[in-house]
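Visitor: Okay, handing you the structure first.
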Amino acid sequence: MRAEFINPFIASLNNTFQTMLNCRVRRGELSLKENCRSSHEISGVIGLTGKAVGTVVLSLSREVALKAASTLLLAETAEIDADVLDAVGELTNMVAGGAKAQLEAYELAVSLPNVITGKDHEVHFPSNVTPICIQFLTDWGPLTLEVGLAPVPVACTV
């Protein structure tokens with residue numbers, strides 16, 4: 001995976017959390033994703049298509065998901081419910097949309113977000129993609145950004 005693909009997602013995550021949640025994120029370890037198991041209990045998943053294809057996963061600890069939802073909804077949230085899942089989906093959409101704007105040359109289309117919950121749930125990336133996993137820490141707890149994006153080979157025309 002190219003650095004030109006991952007950097008817009010990191011910048012978008014930082015911007016989204018700072019502007020929408022007034023929450024600073026600190027980047028931690030960066031690694032290749034070696035399995036399909038999620039890093040945290042709640043994951044927002046978005047597919048990307050265009051001149052590149054792939055998947056973006058925003059995986060949040062329970063604490064981060066609850067605090068982010070409470071901040072977005074302007075109401076204290078103590079349980080994972082439909083509102084929290086919607087908030088996680090919207091955050092994932094904002095991160096993917098912000099990165100898409102920085103990757104205009106790839107003419108990316110962003111799918112609707114899906115949110116998956118449960119300990120050790122799995123998220124599968126396209127088989128031709130090796131995802132990068134970036135750990136982040138906030139004052140609310142940990143989160144992980146996983147991005148797997150690969151350019152689509154250009155078809156030859158005769």
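Here, A, B, ... name the chains of the structure tokens in the order displayed, residue numbers run from 1 inside each chain, and ligands are numbered from 1 in the same displayed order.
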If you count only C-alpha atoms, which residues fall within 12 Å of Ala105 of chain A, apart from same-chain ones fewer than 6 positions away, as an MDAnalysis selection string?

Guide: chainID A and resid 4:5 50:52 99 151

Visitor: I'd like the contact shell of segment 58-75 of chain A - 9 Å cut-off, only C-alpha atoms, skipping same-chain residues fewer than 2 positions apart - returned as a VMD selection string.

Guide: chain A and resid 17 20 to 23 38 to 46 56 77 to 80 83 to 89 91 to 92 95 138 to 147

Visitor: Where does DSSP see strand (DSSP E) in segment 122-152 of chain A, if you list the residues as a list of chain:residue names?

Guide: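 The residues of segment 122-152 of chain A classed as strand (DSSP E) are A:Ile132, A:Cys133, A:Ile134, A:Gln135, A:Phe136, A:Leu137, A:Pro142, A:Leu143, A:Thr144, A:Leu145, A:Glu146, A:Val147, A:Gly148, A:Leu149, A:Ala150, A:Pro151.
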
Visitor: Take the residues that were just selected and, keeping all heavy atoms, output them as a compact mmCIF listing (two decimals), in the first residue's frame.

Guide:
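Below is the file that was written, result26.txt:
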# COMPACT_ATOMS: atom_id res chain seq x y z
N ILE A 132 -3.17 -1.38 6.01
CA ILE A 132 -2.30 -0.77 7.02
C ILE A 132 -3.17 -0.50 8.25
O ILE A 132 -4.30 -0.04 8.13
CB ILE A 132 -1.71 0.56 6.51
CG1 ILE A 132 -0.91 0.36 5.24
CG2 ILE A 132 -0.90 1.24 7.60
CD1 ILE A 132 0.46 -0.19 5.41
N CYS A 133 -2.64 -0.78 9.41
CA CYS A 133 -3.35 -0.59 10.67
C CYS A 133 -2.60 0.47 11.48
O CYS A 133 -1.40 0.32 11.72
CB CYS A 133 -3.38 -1.93 11.40
SG CYS A 133 -4.15 -1.89 13.01
N ILE A 134 -3.29 1.54 11.86
CA ILE A 134 -2.68 2.60 12.63
C ILE A 134 -3.42 2.73 13.96
O ILE A 134 -4.63 2.96 13.98
CB ILE A 134 -2.72 3.96 11.90
CG1 ILE A 134 -2.13 3.83 10.50
CG2 ILE A 134 -1.95 5.02 12.66
CD1 ILE A 134 -3.16 3.92 9.45
N GLN A 135 -2.69 2.58 15.04
CA GLN A 135 -3.25 2.73 16.39
C GLN A 135 -3.26 4.22 16.75
O GLN A 135 -2.32 4.94 16.42
CB GLN A 135 -2.39 1.97 17.40
CG GLN A 135 -2.19 0.51 17.11
CD GLN A 135 -3.45 -0.30 17.26
OE1 GLN A 135 -4.31 0.01 18.08
NE2 GLN A 135 -3.57 -1.34 16.46
N PHE A 136 -4.30 4.64 17.45
CA PHE A 136 -4.39 6.00 17.96
C PHE A 136 -4.83 5.94 19.41
O PHE A 136 -5.52 5.00 19.83
CB PHE A 136 -5.42 6.82 17.18
CG PHE A 136 -5.01 7.16 15.78
CD1 PHE A 136 -5.31 6.30 14.73
CD2 PHE A 136 -4.33 8.34 15.50
CE1 PHE A 136 -4.94 6.60 13.44
CE2 PHE A 136 -3.95 8.65 14.21
CZ PHE A 136 -4.25 7.79 13.17
N LEU A 137 -4.45 6.95 20.15
CA LEU A 137 -4.89 7.08 21.54
C LEU A 137 -5.52 8.45 21.71
O LEU A 137 -5.02 9.44 21.19
CB LEU A 137 -3.71 6.92 22.50
CG LEU A 137 -4.06 6.82 23.97
CD1 LEU A 137 -4.97 5.63 24.24
CD2 LEU A 137 -2.81 6.71 24.81
N PRO A 142 -8.57 4.11 23.28
CA PRO A 142 -7.93 3.78 22.02
C PRO A 142 -8.90 3.62 20.85
O PRO A 142 -10.08 3.33 21.03
CB PRO A 142 -7.26 2.44 22.33
CG PRO A 142 -8.17 1.81 23.34
CD PRO A 142 -8.72 2.94 24.16
N LEU A 143 -8.35 3.82 19.67
CA LEU A 143 -9.07 3.53 18.43
C LEU A 143 -8.05 3.11 17.39
O LEU A 143 -6.85 3.34 17.56
CB LEU A 143 -9.89 4.74 17.95
CG LEU A 143 -9.15 6.00 17.54
CD1 LEU A 143 -8.93 6.05 16.04
CD2 LEU A 143 -9.94 7.21 17.98
N THR A 144 -8.52 2.50 16.33
CA THR A 144 -7.64 2.04 15.26
C THR A 144 -8.24 2.42 13.92
O THR A 144 -9.45 2.30 13.71
CB THR A 144 -7.48 0.50 15.33
OG1 THR A 144 -7.00 0.15 16.62
CG2 THR A 144 -6.51 0.00 14.28
N LEU A 145 -7.39 2.86 13.02
CA LEU A 145 -7.77 3.14 11.64
C LEU A 145 -7.10 2.09 10.77
O LEU A 145 -5.88 1.91 10.84
CB LEU A 145 -7.31 4.54 11.24
CG LEU A 145 -7.58 4.97 9.80
CD1 LEU A 145 -9.08 5.07 9.53
CD2 LEU A 145 -6.89 6.30 9.51
N GLU A 146 -7.89 1.39 9.96
CA GLU A 146 -7.35 0.39 9.05
C GLU A 146 -7.73 0.81 7.64
O GLU A 146 -8.91 1.08 7.36
CB GLU A 146 -7.93 -0.98 9.35
CG GLU A 146 -7.58 -1.46 10.76
CD GLU A 146 -8.37 -2.68 11.18
OE1 GLU A 146 -9.12 -3.25 10.36
OE2 GLU A 146 -8.23 -3.08 12.35
N VAL A 147 -6.74 0.89 6.77
CA VAL A 147 -6.98 1.31 5.39
C VAL A 147 -6.30 0.32 4.46
O VAL A 147 -5.11 0.05 4.58
CB VAL A 147 -6.42 2.73 5.12
CG1 VAL A 147 -6.68 3.14 3.68
CG2 VAL A 147 -7.03 3.74 6.08
N GLY A 148 -7.08 -0.21 3.54
CA GLY A 148 -6.56 -1.07 2.49
C GLY A 148 -7.06 -0.54 1.16
O GLY A 148 -8.26 -0.57 0.90
N LEU A 149 -6.16 -0.01 0.35
CA LEU A 149 -6.55 0.63 -0.91
C LEU A 149 -5.49 0.29 -1.96
O LEU A 149 -4.30 0.38 -1.68
CB LEU A 149 -6.64 2.14 -0.70
CG LEU A 149 -7.33 2.99 -1.74
CD1 LEU A 149 -8.78 2.59 -1.92
CD2 LEU A 149 -7.25 4.46 -1.34
N ALA A 150 -5.94 -0.12 -3.13
CA ALA A 150 -5.01 -0.46 -4.21
C ALA A 150 -5.51 0.14 -5.52
O ALA A 150 -6.72 0.13 -5.79
CB ALA A 150 -4.88 -1.97 -4.34
N PRO A 151 -4.59 0.65 -6.35
CA PRO A 151 -5.01 1.19 -7.63
C PRO A 151 -5.56 0.08 -8.53
O PRO A 151 -5.13 -1.06 -8.46
CB PRO A 151 -3.73 1.80 -8.22
CG PRO A 151 -2.61 1.29 -7.40
CD PRO A 151 -3.16 0.73 -6.13

Visitor: Choose the residue, out of A:Asn35, A:Ser111, A:Thr130, A:Gln18, that has the smallest atom-to-atom separation from Ala96 of chain A; count only C-alpha atoms.

Guide: A:Ser111

Visitor: May I have all residues of chain A that DSSP, computed from the backbone, assigns to helix (DSSP H, G or I), given as a ChimeraX atom specification?

Guide: /A:3-21,62-73,82-102,104-106

Visitor: To one decimal in Å, tell me the separation between atom CA of Val129 of chain A and atom CA of Asn114 of chain A.

Guide: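 Atom CA of Val129 of chain A sits 19.4 Å away from atom CA of Asn114 of chain A.
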
Visitor: Using only C-alpha atoms, which protein or nucleic acid residues come within 7 Å of Val110 of chain A? Drop anything in the same chain fewer than 3 positions from it, and give the result as a PyMOL selection string.

Guide: chain A and resi 46-49
